[in-house]
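Heads up, the thing below is written out as structure tokens.
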Amino acid sequence: MVLDLKKDVSWADRNAWAPCIIEKKTDTGYKYYFYRGNGYLGVFELGDNMISFKEDKPHIITPSDGTFREGFYVFDRDGIYYFLWSENDTRSEDYQVWYGTSDSPLGPIRIPEDNLILIKDPGKGIYGTGHNSVLQKPGTDEWYIVFHRFTRPDGIAMGCAGGYNRETCIDSMFF
């Protein structure tokens, strides 16, 4: 168990889904920070210690199209910030990923037409393609998306339990 809310977190007891982790180089090696998700997109600039905030209030930049549920992931490519997020519930076969862009990590987010990038494919037995991360092959413009989905082939037959029986996938990502 990476995080036990009852033992490890004194100030929260719910909404610890769709987490994100970041690596920070230190004088003695690397340190990793694990952050909890929620139902809106609030952005803070972190302090140097990676756990305090530089501002008192977050910048709320939840996408205005009504698709945001959880699990946003942000990365920079050629000076454009890409925001990816999940819509629907992890237990839904319609769990899927959308994107928007911005010139700043603080938004506002521009939402283009046809911004759905991961969606179920019943013909291939693929359902519940949600919460994701993005990897760039160092020194290249080669990108990959890593996401989870219902296990194949039996996940869809499990109903809501399919959302708790997931597999991790990786695929090439093109712009």
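Ordered as shown in the structure tokens, chains take letters A, B, and onward, while each chain numbers its residues from 1 and ligands are numbered from 1 in the order shown.
Non-sequential neighbours of stretch 114-124 of chain A (distance at most 10 Å, separation of 6 or more positions within a chain, only C-alpha atoms) are Thr67, Leu84, Trp85, Ser86, Glu87, Glu93, Asp94, Tyr95, Gln96, Val97, Trp98, Tyr99, Gly100, Gly130, His131, Asn132, Ile145, Phe147, Arg149, Phe150, Arg152, Pro153, Ile156 and Met173 of chain A.
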Generate the output file for the selected residues, N, CA and C atoms, as a PDB file, in the first residue's frame.
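Output file again18.pdb is given in full below:
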```pdb
ATOM      1  N   THR A  67     -16.723  17.774 -19.161  1.00  0.00           N
ATOM      2  CA  THR A  67     -16.200  16.417 -19.263  1.00  0.00           C
ATOM      3  C   THR A  67     -15.258  16.032 -18.125  1.00  0.00           C
ATOM      4  N   LEU A  84      -4.553  16.593 -19.978  1.00  0.00           N
ATOM      5  CA  LEU A  84      -5.349  15.413 -20.261  1.00  0.00           C
ATOM      6  C   LEU A  84      -6.142  15.084 -19.006  1.00  0.00           C
ATOM      7  N   TRP A  85      -7.404  14.666 -19.162  1.00  0.00           N
ATOM      8  CA  TRP A  85      -8.230  14.343 -18.008  1.00  0.00           C
ATOM      9  C   TRP A  85      -9.220  13.237 -18.361  1.00  0.00           C
ATOM     10  N   SER A  86      -9.746  12.603 -17.325  1.00  0.00           N
ATOM     11  CA  SER A  86     -10.711  11.519 -17.491  1.00  0.00           C
ATOM     12  C   SER A  86     -12.127  12.017 -17.256  1.00  0.00           C
ATOM     13  N   GLU A  87     -13.027  11.430 -18.043  1.00  0.00           N
ATOM     14  CA  GLU A  87     -14.463  11.663 -17.888  1.00  0.00           C
ATOM     15  C   GLU A  87     -15.105  10.347 -17.481  1.00  0.00           C
ATOM     16  N   GLU A  93     -17.771   1.573 -18.439  1.00  0.00           N
ATOM     17  CA  GLU A  93     -17.155   1.207 -19.714  1.00  0.00           C
ATOM     18  C   GLU A  93     -16.876   2.437 -20.567  1.00  0.00           C
ATOM     19  N   ASP A  94     -17.517   3.563 -20.237  1.00  0.00           N
ATOM     20  CA  ASP A  94     -17.335   4.816 -20.974  1.00  0.00           C
ATOM     21  C   ASP A  94     -16.297   5.748 -20.354  1.00  0.00           C
ATOM     22  N   TYR A  95     -15.497   5.259 -19.415  1.00  0.00           N
ATOM     23  CA  TYR A  95     -14.380   6.021 -18.865  1.00  0.00           C
ATOM     24  C   TYR A  95     -13.465   6.344 -20.044  1.00  0.00           C
ATOM     25  N   GLN A  96     -13.114   7.619 -20.238  1.00  0.00           N
ATOM     26  CA  GLN A  96     -12.373   8.024 -21.439  1.00  0.00           C
ATOM     27  C   GLN A  96     -11.550   9.271 -21.166  1.00  0.00           C
ATOM     28  N   VAL A  97     -10.656   9.612 -22.079  1.00  0.00           N
ATOM     29  CA  VAL A  97      -9.707  10.703 -21.867  1.00  0.00           C
ATOM     30  C   VAL A  97      -9.879  11.797 -22.920  1.00  0.00           C
ATOM     31  N   TRP A  98      -9.897  13.039 -22.438  1.00  0.00           N
ATOM     32  CA  TRP A  98     -10.015  14.247 -23.253  1.00  0.00           C
ATOM     33  C   TRP A  98      -8.748  15.080 -23.081  1.00  0.00           C
ATOM     34  N   TYR A  99      -8.584  16.104 -23.945  1.00  0.00           N
ATOM     35  CA  TYR A  99      -7.434  16.992 -23.779  1.00  0.00           C
ATOM     36  C   TYR A  99      -7.791  18.424 -24.148  1.00  0.00           C
ATOM     37  N   GLY A 100      -6.955  19.340 -23.650  1.00  0.00           N
ATOM     38  CA  GLY A 100      -6.992  20.747 -24.008  1.00  0.00           C
ATOM     39  C   GLY A 100      -5.571  21.277 -23.938  1.00  0.00           C
ATOM     40  N   GLY A 130      -9.204   4.964 -19.284  1.00  0.00           N
ATOM     41  CA  GLY A 130      -9.162   6.220 -18.547  1.00  0.00           C
ATOM     42  C   GLY A 130      -7.808   6.566 -17.995  1.00  0.00           C
ATOM     43  N   HIS A 131      -7.823   7.180 -16.836  1.00  0.00           N
ATOM     44  CA  HIS A 131      -6.680   7.746 -16.124  1.00  0.00           C
ATOM     45  C   HIS A 131      -5.339   7.387 -16.766  1.00  0.00           C
ATOM     46  N   ASN A 132      -4.558   8.410 -17.092  1.00  0.00           N
ATOM     47  CA  ASN A 132      -3.374   8.202 -17.916  1.00  0.00           C
ATOM     48  C   ASN A 132      -2.187   9.038 -17.462  1.00  0.00           C
ATOM     49  N   ILE A 145       1.457   7.250 -24.451  1.00  0.00           N
ATOM     50  CA  ILE A 145       0.432   7.426 -23.435  1.00  0.00           C
ATOM     51  C   ILE A 145       0.286   6.095 -22.704  1.00  0.00           C
ATOM     52  N   PHE A 147      -2.104   4.162 -19.867  1.00  0.00           N
ATOM     53  CA  PHE A 147      -3.447   4.287 -19.295  1.00  0.00           C
ATOM     54  C   PHE A 147      -3.919   2.942 -18.782  1.00  0.00           C
ATOM     55  N   ARG A 149      -7.365   0.268 -18.334  1.00  0.00           N
ATOM     56  CA  ARG A 149      -8.663  -0.087 -18.912  1.00  0.00           C
ATOM     57  C   ARG A 149      -9.146  -1.371 -18.245  1.00  0.00           C
ATOM     58  N   PHE A 150     -10.400  -1.759 -18.520  1.00  0.00           N
ATOM     59  CA  PHE A 150     -10.918  -3.037 -18.040  1.00  0.00           C
ATOM     60  C   PHE A 150     -10.020  -4.152 -18.579  1.00  0.00           C
ATOM     61  N   ARG A 152      -8.984  -7.504 -20.390  1.00  0.00           N
ATOM     62  CA  ARG A 152      -9.547  -8.187 -21.559  1.00  0.00           C
ATOM     63  C   ARG A 152      -9.343  -9.682 -21.372  1.00  0.00           C
ATOM     64  N   PRO A 153     -10.249 -10.508 -21.752  1.00  0.00           N
ATOM     65  CA  PRO A 153     -11.528 -10.190 -22.381  1.00  0.00           C
ATOM     66  C   PRO A 153     -12.688 -10.110 -21.408  1.00  0.00           C
ATOM     67  N   ILE A 156     -15.498  -6.502 -19.196  1.00  0.00           N
ATOM     68  CA  ILE A 156     -16.824  -5.944 -19.498  1.00  0.00           C
ATOM     69  C   ILE A 156     -17.940  -6.783 -18.895  1.00  0.00           C
ATOM     70  N   MET A 173       1.745   7.970 -29.093  1.00  0.00           N
ATOM     71  CA  MET A 173       0.883   9.149 -29.119  1.00  0.00           C
ATOM     72  C   MET A 173       1.435  10.107 -30.159  1.00  0.00           C
TER      73      MET A 173
END
```
Can you list every residue in stretch 2-135 of chain A that DSSP puts in alpha helix (DSSP H), as an MDAnalysis selection string?
chainID A and resid 5:8
Please, could you write that set of residues out with all heavy atoms as a tab-separated table (two decimals), in the first residue's frame?
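Written out: selection15.tsv:
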```tsv
chain	number	residue	atom	x	y	z
A	5	LEU	N	-4.96	6.41	3.94
A	5	LEU	CA	-5.54	7.68	4.39
A	5	LEU	C	-5.73	7.73	5.90
A	5	LEU	O	-5.51	8.76	6.52
A	5	LEU	CB	-6.88	7.93	3.70
A	5	LEU	CG	-6.80	8.36	2.25
A	5	LEU	CD1	-8.19	8.51	1.66
A	5	LEU	CD2	-6.05	9.67	2.11
A	6	LYS	N	-6.14	6.63	6.49
A	6	LYS	CA	-6.40	6.64	7.94
A	6	LYS	C	-5.13	6.77	8.76
A	6	LYS	O	-5.13	7.35	9.83
A	6	LYS	CB	-7.17	5.39	8.33
A	6	LYS	CG	-8.58	5.38	7.78
A	6	LYS	CD	-9.35	4.15	8.16
A	6	LYS	CE	-10.73	4.24	7.53
A	6	LYS	NZ	-11.54	3.09	7.73
A	7	LYS	N	-4.02	6.25	8.24
A	7	LYS	CA	-2.76	6.28	9.00
A	7	LYS	C	-1.82	7.40	8.56
A	7	LYS	O	-1.12	7.96	9.37
A	7	LYS	CB	-2.03	4.95	8.85
A	7	LYS	CG	-2.72	3.79	9.49
A	7	LYS	CD	-1.93	2.51	9.26
A	7	LYS	CE	-2.63	1.31	9.84
A	7	LYS	NZ	-1.93	0.06	9.53
A	8	ASP	N	-1.79	7.68	7.26
A	8	ASP	CA	-0.76	8.57	6.71
A	8	ASP	C	-1.18	10.02	6.50
A	8	ASP	O	-0.33	10.88	6.31
A	8	ASP	CB	-0.28	8.03	5.35
A	8	ASP	CG	0.32	6.64	5.46
A	8	ASP	OD1	0.88	6.32	6.52
A	8	ASP	OD2	0.22	5.89	4.49
```
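Using only C-alpha atoms, the smallest distance between any of A:Ile80, A:Leu135, A:Leu3, A:Met158 and A:Gly107 comes from A:Ile80.
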Pick out the residues sitting within 12 Å of A:Thr26, and hand them over as a PyMOL selection string; count only C-alpha atoms, and ignore anything fewer than 5 positions along from it in its own chain.
chain A and resi 31-32+48-50
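In terms of minimum interatomic distance to A:Pro112, A:Phe83 ranks closest within A:Phe83, A:Tyr144, A:Pro19, A:Val74, counting only C-alpha atoms.
You will find atom CA of A:Met1 at 25.3 Å from atom CA of A:Tyr40.
Using only C-alpha atoms, the smallest distance between any of A:Tyr127, A:Phe53, A:Tyr33, A:Tyr82 and A:Phe175 comes from A:Tyr82.
Across the model, the gap from atom CA of A:Gly159 to atom CA of A:Thr90 is 11.4 Å.
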All strand (DSSP E or B) residues (DSSP, backbone) inside stretch 116-147 of chain A, as JSON, numbers by chain
{"A": [116, 117, 118, 121, 126, 130, 131, 132, 133, 134, 135, 136, 143, 144, 145, 146, 147]}
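Straight-line separation from atom CA of A:Glu167 to atom CA of A:Arg91: 13.1 Å.
Close contacts of A:Ser64, defined as residues with an atom at most 10 Å away when counting only C-alpha atoms, with chain neighbours fewer than 5 positions off set aside, comprise Ile109, Arg110 and Ile111 of chain A.
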With only C-alpha atoms as the counted atoms, please give the residues lying no more than 8 Å from A:Ile61, apart from itself and same-chain residues fewer than 4 positions off, as a PDB file with N, CA, C and O atoms, in the first residue's frame.
```pdb
ATOM      1  N   LEU A  41     -10.352  20.884 -11.229  1.00  0.00           N
ATOM      2  CA  LEU A  41      -8.959  21.116 -11.599  1.00  0.00           C
ATOM      3  C   LEU A  41      -8.495  22.415 -10.951  1.00  0.00           C
ATOM      4  O   LEU A  41      -8.807  23.503 -11.412  1.00  0.00           O
ATOM      5  N   GLY A  42      -7.774  22.262  -9.836  1.00  0.00           N
ATOM      6  CA  GLY A  42      -7.208  23.393  -9.125  1.00  0.00           C
ATOM      7  C   GLY A  42      -5.700  23.338  -9.223  1.00  0.00           C
ATOM      8  O   GLY A  42      -5.095  22.301  -8.945  1.00  0.00           O
ATOM      9  N   VAL A  43      -5.074  24.430  -9.629  1.00  0.00           N
ATOM     10  CA  VAL A  43      -3.632  24.452  -9.852  1.00  0.00           C
ATOM     11  C   VAL A  43      -2.975  25.403  -8.855  1.00  0.00           C
ATOM     12  O   VAL A  43      -3.391  26.545  -8.717  1.00  0.00           O
ATOM     13  N   LEU A 106      -0.956  27.369 -15.733  1.00  0.00           N
ATOM     14  CA  LEU A 106      -2.046  27.897 -14.913  1.00  0.00           C
ATOM     15  C   LEU A 106      -3.315  28.160 -15.726  1.00  0.00           C
ATOM     16  O   LEU A 106      -4.276  28.719 -15.215  1.00  0.00           O
ATOM     17  N   GLY A 107      -3.306  27.782 -17.013  1.00  0.00           N
ATOM     18  CA  GLY A 107      -4.476  27.988 -17.859  1.00  0.00           C
ATOM     19  C   GLY A 107      -4.521  29.392 -18.398  1.00  0.00           C
ATOM     20  O   GLY A 107      -3.545  30.145 -18.275  1.00  0.00           O
ATOM     21  N   PRO A 108      -5.622  29.764 -19.012  1.00  0.00           N
ATOM     22  CA  PRO A 108      -6.829  28.976 -19.227  1.00  0.00           C
ATOM     23  C   PRO A 108      -6.612  27.887 -20.268  1.00  0.00           C
ATOM     24  O   PRO A 108      -5.699  27.955 -21.087  1.00  0.00           O
ATOM     25  N   ILE A 109      -7.481  26.867 -20.220  1.00  0.00           N
ATOM     26  CA  ILE A 109      -7.387  25.727 -21.125  1.00  0.00           C
ATOM     27  C   ILE A 109      -8.244  25.977 -22.356  1.00  0.00           C
ATOM     28  O   ILE A 109      -9.422  26.309 -22.245  1.00  0.00           O
TER      29      ILE A 109
END
```
